Structure formats: C-alpha cells, structure tokens
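J.: File follows, work.txt with compact mmCIF, C-alpha atoms:
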```
# COMPACT_ATOMS: atom_id res chain seq x y z
CA MET J 12 -39.37 -91.56 17.35
CA THR J 13 -38.38 -88.22 18.91
CA LYS J 14 -40.50 -85.08 18.58
CA THR J 15 -37.90 -83.60 16.22
CA GLU J 16 -37.99 -86.70 14.01
CA ARG J 17 -41.79 -86.59 13.94
CA TYR J 18 -41.72 -82.94 12.89
CA GLU J 19 -39.08 -83.61 10.20
CA GLN J 20 -41.26 -86.40 8.83
CA LEU J 21 -44.30 -84.11 9.03
CA GLU J 22 -42.51 -81.33 7.14
CA ALA J 23 -41.62 -83.72 4.31
CA GLN J 24 -45.18 -85.07 4.25
CA ILE J 25 -46.66 -81.56 4.04
CA ALA J 26 -44.25 -80.52 1.29
CA ALA J 27 -45.20 -83.57 -0.79
CA LEU J 28 -48.90 -83.28 0.00
CA THR J 29 -49.22 -79.63 -1.01
CA ALA J 30 -46.71 -79.45 -3.88
CA GLY J 31 -48.14 -77.46 -6.76
CA GLU J 32 -51.44 -76.67 -5.02
CA THR J 33 -52.35 -72.99 -4.79
CA ASP J 34 -55.88 -73.02 -3.40
CA ALA J 35 -55.62 -71.65 0.14
CA VAL J 36 -58.53 -73.61 1.62
CA ALA J 37 -57.32 -76.90 0.15
CA VAL J 38 -53.72 -76.38 1.30
CA LEU J 39 -54.65 -75.18 4.79
CA ALA J 40 -57.14 -78.03 5.25
CA ASN J 41 -54.59 -80.71 4.45
CA VAL J 42 -51.78 -79.03 6.39
CA CYS J 43 -54.07 -78.76 9.39
CA ALA J 44 -55.11 -82.42 9.15
CA ALA J 45 -51.50 -83.58 8.75
CA ILE J 46 -50.30 -81.64 11.82
CA HIS J 47 -53.29 -82.62 13.93
CA HIS J 48 -53.12 -86.33 13.23
CA GLU J 49 -49.34 -86.69 13.28
CA MET J 50 -48.83 -84.73 16.48
CA GLY J 51 -52.07 -85.60 18.30
CA PHE J 52 -52.99 -82.09 19.41
CA PHE J 53 -56.39 -81.20 20.93
CA TRP J 54 -57.22 -78.52 18.34
CA THR J 55 -55.35 -77.49 15.20
CA GLY J 56 -56.52 -74.83 12.79
CA PHE J 57 -56.05 -71.68 10.84
CA TYR J 58 -57.59 -68.25 11.22
CA MET J 59 -57.47 -66.04 8.12
CA VAL J 60 -57.01 -62.27 8.24
CA ARG J 61 -60.21 -60.67 6.94
CA GLY J 62 -60.17 -56.90 7.38
CA ASP J 63 -59.81 -56.07 11.05
CA GLU J 64 -60.43 -59.58 12.35
CA LEU J 65 -59.37 -63.19 12.09
CA LEU J 66 -61.98 -65.50 10.57
CA LEU J 67 -62.06 -69.22 11.30
CA GLY J 68 -60.56 -71.32 8.52
CA PRO J 69 -59.85 -75.04 8.13
CA PHE J 70 -59.43 -76.85 11.44
CA GLN J 71 -59.44 -80.23 13.20
CA GLY J 72 -61.01 -80.66 16.63
CA PRO J 73 -64.08 -79.40 18.50
CA VAL J 74 -66.08 -76.39 17.30
CA ALA J 75 -64.28 -73.06 17.54
CA CYS J 76 -64.79 -69.31 17.71
CA PHE J 77 -65.70 -67.76 14.34
CA HIS J 78 -64.21 -64.26 14.77
CA ILE J 79 -61.22 -62.94 16.72
CA GLY J 80 -60.33 -59.25 16.87
CA PHE J 81 -56.90 -57.74 16.27
CA GLY J 82 -54.90 -57.97 19.49
CA ARG J 83 -57.52 -60.14 21.23
CA GLY J 84 -56.69 -63.50 22.77
CA VAL J 85 -53.61 -65.49 21.83
CA CYS J 86 -54.41 -65.50 18.10
CA GLY J 87 -55.07 -61.77 17.90
CA THR J 88 -51.94 -61.07 19.94
CA ALA J 89 -49.75 -63.16 17.60
CA TRP J 90 -51.27 -61.25 14.66
CA GLN J 91 -50.64 -57.90 16.35
CA ARG J 92 -47.05 -58.76 17.36
CA ARG J 93 -46.31 -60.54 14.05
CA GLN J 94 -44.58 -63.29 15.99
CA THR J 95 -45.23 -66.68 17.51
CA VAL J 96 -46.88 -66.69 20.92
CA VAL J 97 -46.48 -69.70 23.22
CA VAL J 98 -48.71 -69.93 26.27
CA ASP J 99 -48.04 -72.59 28.91
CA ASP J 100 -51.32 -71.96 30.76
CA VAL J 101 -54.10 -70.19 28.86
CA GLU J 102 -55.88 -69.38 32.14
CA LEU J 103 -53.00 -67.00 32.94
CA PHE J 104 -52.99 -65.25 29.53
CA PRO J 105 -54.68 -61.83 29.79
CA GLY J 106 -57.72 -61.71 27.53
CA HIS J 107 -57.62 -65.39 26.58
CA ILE J 108 -60.64 -66.35 24.49
CA ALA J 109 -61.93 -69.67 25.76
CA CYS J 110 -63.47 -71.43 22.78
CA SER J 111 -63.14 -74.66 24.77
CA SER J 112 -62.67 -75.07 28.49
CA LEU J 113 -60.56 -78.18 27.73
CA SER J 114 -57.78 -76.14 26.15
CA ARG J 115 -54.89 -75.69 28.61
CA SER J 116 -51.90 -74.50 26.55
CA GLU J 117 -51.54 -72.93 23.12
CA ILE J 118 -49.14 -71.91 20.36
CA VAL J 119 -50.03 -69.47 17.60
CA VAL J 120 -47.76 -68.97 14.58
CA PRO J 121 -48.37 -66.18 12.05
CA LEU J 122 -48.17 -66.92 8.32
CA MET J 123 -46.41 -63.92 6.79
CA ALA J 124 -46.17 -62.73 3.18
CA GLY J 125 -45.14 -59.35 1.86
CA GLY J 126 -44.52 -58.15 5.40
CA GLU J 127 -48.12 -58.80 6.40
CA VAL J 128 -49.83 -61.52 8.42
CA LYS J 129 -52.14 -63.45 6.10
CA ALA J 130 -53.29 -66.08 8.62
CA VAL J 131 -52.33 -67.69 11.90
CA LEU J 132 -51.81 -71.33 12.74
CA ASP J 133 -53.45 -71.96 16.13
CA ILE J 134 -52.78 -75.16 18.07
CA ASP J 135 -54.24 -76.01 21.46
CA SER J 136 -53.37 -78.77 23.88
CA ALA J 137 -55.48 -80.28 26.65
CA GLU J 138 -52.28 -80.41 28.76
CA LEU J 139 -50.38 -77.58 30.42
CA ALA J 140 -47.03 -76.44 28.99
CA THR J 141 -47.17 -78.68 25.92
CA PHE J 142 -45.28 -76.44 23.51
CA ASP J 143 -41.53 -75.79 23.59
CA SER J 144 -38.81 -74.43 21.32
CA THR J 145 -38.89 -77.60 19.19
CA ASP J 146 -42.59 -77.08 18.43
CA GLN J 147 -42.02 -73.40 17.75
CA TYR J 148 -39.09 -74.03 15.40
CA HIS J 149 -40.83 -76.65 13.29
CA LEU J 150 -44.26 -75.00 13.24
CA GLU J 151 -42.63 -71.75 12.11
CA ARG J 152 -40.88 -73.67 9.32
CA ILE J 153 -44.18 -75.23 8.25
CA ALA J 154 -45.99 -71.87 8.42
CA GLY J 155 -43.26 -70.19 6.38
CA CYS J 156 -43.35 -72.87 3.72
CA VAL J 157 -47.14 -72.69 3.44
CA ALA J 158 -47.13 -68.87 3.31
CA ARG J 159 -44.53 -68.84 0.52
CA GLN J 160 -46.51 -71.39 -1.43
CA LEU J 161 -49.84 -69.56 -1.13
CA TRP J 162 -48.87 -65.91 -1.07
CA ALA J 163 -45.53 -65.66 -2.87
CA ASP J 164 -44.71 -62.08 -3.77
```
Can you turn what I pasted into structure tokens?
T.:
Amino acid sequence: MTKTERYEQLEAQIAALTAGETDAVAVLANVCAAIHHEMGFFWTGFYMVRGDELLLGPFQGPVACFHIGFGRGVCGTAWQRRQTVVVDDVELFPGHIACSSLSRSEIVVPLMAGGEVKAVLDIDSAELATFDSTDQYHLERIAGCVARQLWAD
C-alpha cells in the first residue's frame, strides 16, 4: 500500500472513530493513537495552547516535554507562524527543543479554529527527512477535520 493510500485509509478510520465525540482529550487521544500505529512514527502527540505556552496533551511514544513557549522549538514556531513546519534534520533547526535525542526529523501541524491556534499535532521520526508534501497534505487534512469537530465556531 502506498503512503497516500495509508493516509486515505487513516483519514476514514479517524472520521469513523471520532464521529459525534466532542471531548477534546478523548478525540485527541484516539487520533494520536491511530496516526502513531498506522504510520509507525517515533513520537506522535498533541500540545494544547494554554495561555502563553503549549502544554503536553495526549501522545504516543517516549516521555515528552511538558511546556513549550510561544515561538520556541518546532512546535512553538508552528504556533507562532500559524502554519505547518517540516524539519528534515532537527539538529539544524535553530532553538530545537530536544525532548529525545532519538528524534531526527519532525513535522508540526497547527489545529486552527476561529482564526486561532488551539493545539498543534507534533510528529517525530527517528530517521532524517521522513516527512514530505504527502505527509503535510494528509496531516493538515486530519488536523483540520479534528479542529472543526472540537472547536466549531
């Protein structure tokens, strides 16, 4: 199965899995687990906007940083820019926050509602240059769907 086919299957699975559910923790936990297990990433999780920082939410993988400041690291940068950030080599990203030395590449996708970032989807890989335009496209679709479901205006 191609990566695109896996993502299409994953999108359908997530839509069915979360249909009608409005509890943010429950939805984010199952979305995170579905992505992590279907795609086999090193670390998959959500950070929630809480005031002037991101606070660790549901995740799959090794232990992670609890708090990330606005504009700090890849997650804080995606929040600040309000756009997806793809990093082929985290060692080369200025200000990268190393929660795990095993993380080599990363993608962070903001979940937007009402013009504001509500959370970010953070995915790390133990391999360099894991994430491409296919990952970005499908993860943005998943993030958009989840954001609309949880924080519809």
J.: So that I can see what lies close to segment 125-137 of chain J, please list as a ChimeraX atom specification the residues with an atom at most 9 Å from it, counting all atoms listed in the file and leaving out residues fewer than 6 positions away in the same chain.
T.: /J:43,47,51-61,65-66,68,85-87,89-91,93,113-119,150,154,158,162-164
J.: Find the residue from J:Gly72, J:Pro105, J:Gly31, J:Gly82 that sits nearest to His48 of chain J; use all atoms listed in the file when measuring.
T.: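 Going through J:Gly72, J:Pro105, J:Gly31, J:Gly82 one by one, the smallest distance to His48 of chain J is for J:Gly72.
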J.: Enter the distance from atom CA of Gly84 of chain J to atom CA of Val96 of chain J, in Å, rounded to one decimal.
T.: 10.5 Å
J.: Please indicate the distance in Å from atom CA of Ile153 of chain J to atom CA of Gln71 of chain J, rounded to one decimal place.
T.: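 About the pair atom CA of Ile153 of chain J and atom CA of Gln71 of chain J: they are 16.8 Å apart.
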J.: Considering only C-alpha atoms, return as a PDB file with C-alpha atoms, in the frame of the given file whatever protein or nucleic-acid residues lie within 12 Å of segment 13-21 of chain J, sequence-local ones (same chain, fewer than 3 positions apart) excluded.
T.:
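Output file result_22.pdb follows:
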```pdb
ATOM      1  CA  GLN J  24     -45.180 -85.070   4.250  1.00  0.00           C
ATOM      2  CA  ILE J  25     -46.660 -81.560   4.040  1.00  0.00           C
ATOM      3  CA  ALA J  26     -44.250 -80.520   1.290  1.00  0.00           C
ATOM      4  CA  ALA J  27     -45.200 -83.570  -0.790  1.00  0.00           C
ATOM      5  CA  LEU J  28     -48.900 -83.280   0.000  1.00  0.00           C
ATOM      6  CA  ASN J  41     -54.590 -80.710   4.450  1.00  0.00           C
ATOM      7  CA  VAL J  42     -51.780 -79.030   6.390  1.00  0.00           C
ATOM      8  CA  CYS J  43     -54.070 -78.760   9.390  1.00  0.00           C
ATOM      9  CA  ALA J  44     -55.110 -82.420   9.150  1.00  0.00           C
ATOM     10  CA  ALA J  45     -51.500 -83.580   8.750  1.00  0.00           C
ATOM     11  CA  ILE J  46     -50.300 -81.640  11.820  1.00  0.00           C
ATOM     12  CA  HIS J  47     -53.290 -82.620  13.930  1.00  0.00           C
ATOM     13  CA  HIS J  48     -53.120 -86.330  13.230  1.00  0.00           C
ATOM     14  CA  GLU J  49     -49.340 -86.690  13.280  1.00  0.00           C
ATOM     15  CA  MET J  50     -48.830 -84.730  16.480  1.00  0.00           C
ATOM     16  CA  GLY J  51     -52.070 -85.600  18.300  1.00  0.00           C
ATOM     17  CA  THR J 141     -47.170 -78.680  25.920  1.00  0.00           C
ATOM     18  CA  PHE J 142     -45.280 -76.440  23.510  1.00  0.00           C
ATOM     19  CA  ASP J 143     -41.530 -75.790  23.590  1.00  0.00           C
ATOM     20  CA  SER J 144     -38.810 -74.430  21.320  1.00  0.00           C
ATOM     21  CA  THR J 145     -38.890 -77.600  19.190  1.00  0.00           C
ATOM     22  CA  ASP J 146     -42.590 -77.080  18.430  1.00  0.00           C
ATOM     23  CA  GLN J 147     -42.020 -73.400  17.750  1.00  0.00           C
ATOM     24  CA  TYR J 148     -39.090 -74.030  15.400  1.00  0.00           C
ATOM     25  CA  HIS J 149     -40.830 -76.650  13.290  1.00  0.00           C
ATOM     26  CA  LEU J 150     -44.260 -75.000  13.240  1.00  0.00           C
ATOM     27  CA  GLU J 151     -42.630 -71.750  12.110  1.00  0.00           C
ATOM     28  CA  ARG J 152     -40.880 -73.670   9.320  1.00  0.00           C
ATOM     29  CA  ILE J 153     -44.180 -75.230   8.250  1.00  0.00           C
TER      30      ILE J 153
END
```
J.: Box along x, y and z, 3 Å on every side, all listed atoms of segment 113-121 of chain J inside: centre and edge lengths in Å to one decimal, as AutoDock Vina command-line options.
T.:
```
--center_x -54.2 --center_y -72.2 --center_z 20.3 --size_x 18.8 --size_y 18.0 --size_z 22.6
```
J.: Grab the atom CA of Val120 of chain J to atom CA of Thr88 of chain J distance for me, in Å with one decimal place.
T.: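 Here the two named atoms are 10.4 Å from each other.
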J.: Go ahead and find all residues with at least one atom no further than 8 Å from (-62.4, -59.1, 13.9) in the file's coordinates, using only C-alpha atoms; report them as a list in words.
T.: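 Those within range, by chain then number, are Arg61, Gly62, Asp63, Glu64, Leu65, Leu66, His78, Ile79, Gly80 and Phe81 of chain J.
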J.: Take the residues from that selection and put them in a file with C-alpha atoms, as an mmCIF file, in the coordinates of the input.
T.:
```cif
data_model
loop_
_atom_site.group_PDB
_atom_site.id
_atom_site.type_symbol
_atom_site.label_atom_id
_atom_site.label_comp_id
_atom_site.auth_asym_id
_atom_site.auth_seq_id
_atom_site.Cartn_x
_atom_site.Cartn_y
_atom_site.Cartn_z
ATOM 1 C CA ARG J 61 -60.210 -60.670 6.940
ATOM 2 C CA GLY J 62 -60.170 -56.900 7.380
ATOM 3 C CA ASP J 63 -59.810 -56.070 11.050
ATOM 4 C CA GLU J 64 -60.430 -59.580 12.350
ATOM 5 C CA LEU J 65 -59.370 -63.190 12.090
ATOM 6 C CA LEU J 66 -61.980 -65.500 10.570
ATOM 7 C CA HIS J 78 -64.210 -64.260 14.770
ATOM 8 C CA ILE J 79 -61.220 -62.940 16.720
ATOM 9 C CA GLY J 80 -60.330 -59.250 16.870
ATOM 10 C CA PHE J 81 -56.900 -57.740 16.270
#
```
J.: Do you know which residues are at most 8 Å from Leu161 of chain J counting only C-alpha atoms, after dropping those on the same chain fewer than 6 positions away, and could you put them as a tab-separated table (two decimals) with C-alpha atoms, in the frame of the given file?
T.:
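Result file follows (selection_30.tsv):
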```
chain	number	residue	atom	x	y	z
J	33	THR	CA	-52.35	-72.99	-4.79
J	34	ASP	CA	-55.88	-73.02	-3.40
J	35	ALA	CA	-55.62	-71.65	0.14
```
J.: Between J:Pro69, J:Arg83, J:Phe77, J:Leu39, which one has atoms that come closest to Gly106 of chain J, using all atoms listed in the file?
T.: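 Closest to Gly106 of chain J, using all atoms listed in the file: J:Arg83.
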J.: With distances taken over all atoms listed in the file, which residue among J:Ala30, J:Cys156, J:Val74, J:Ala23 lies nearest Met123 of chain J?
T.: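 Between J:Ala30, J:Cys156, J:Val74, J:Ala23, the residue approaching Met123 of chain J most closely is J:Cys156.
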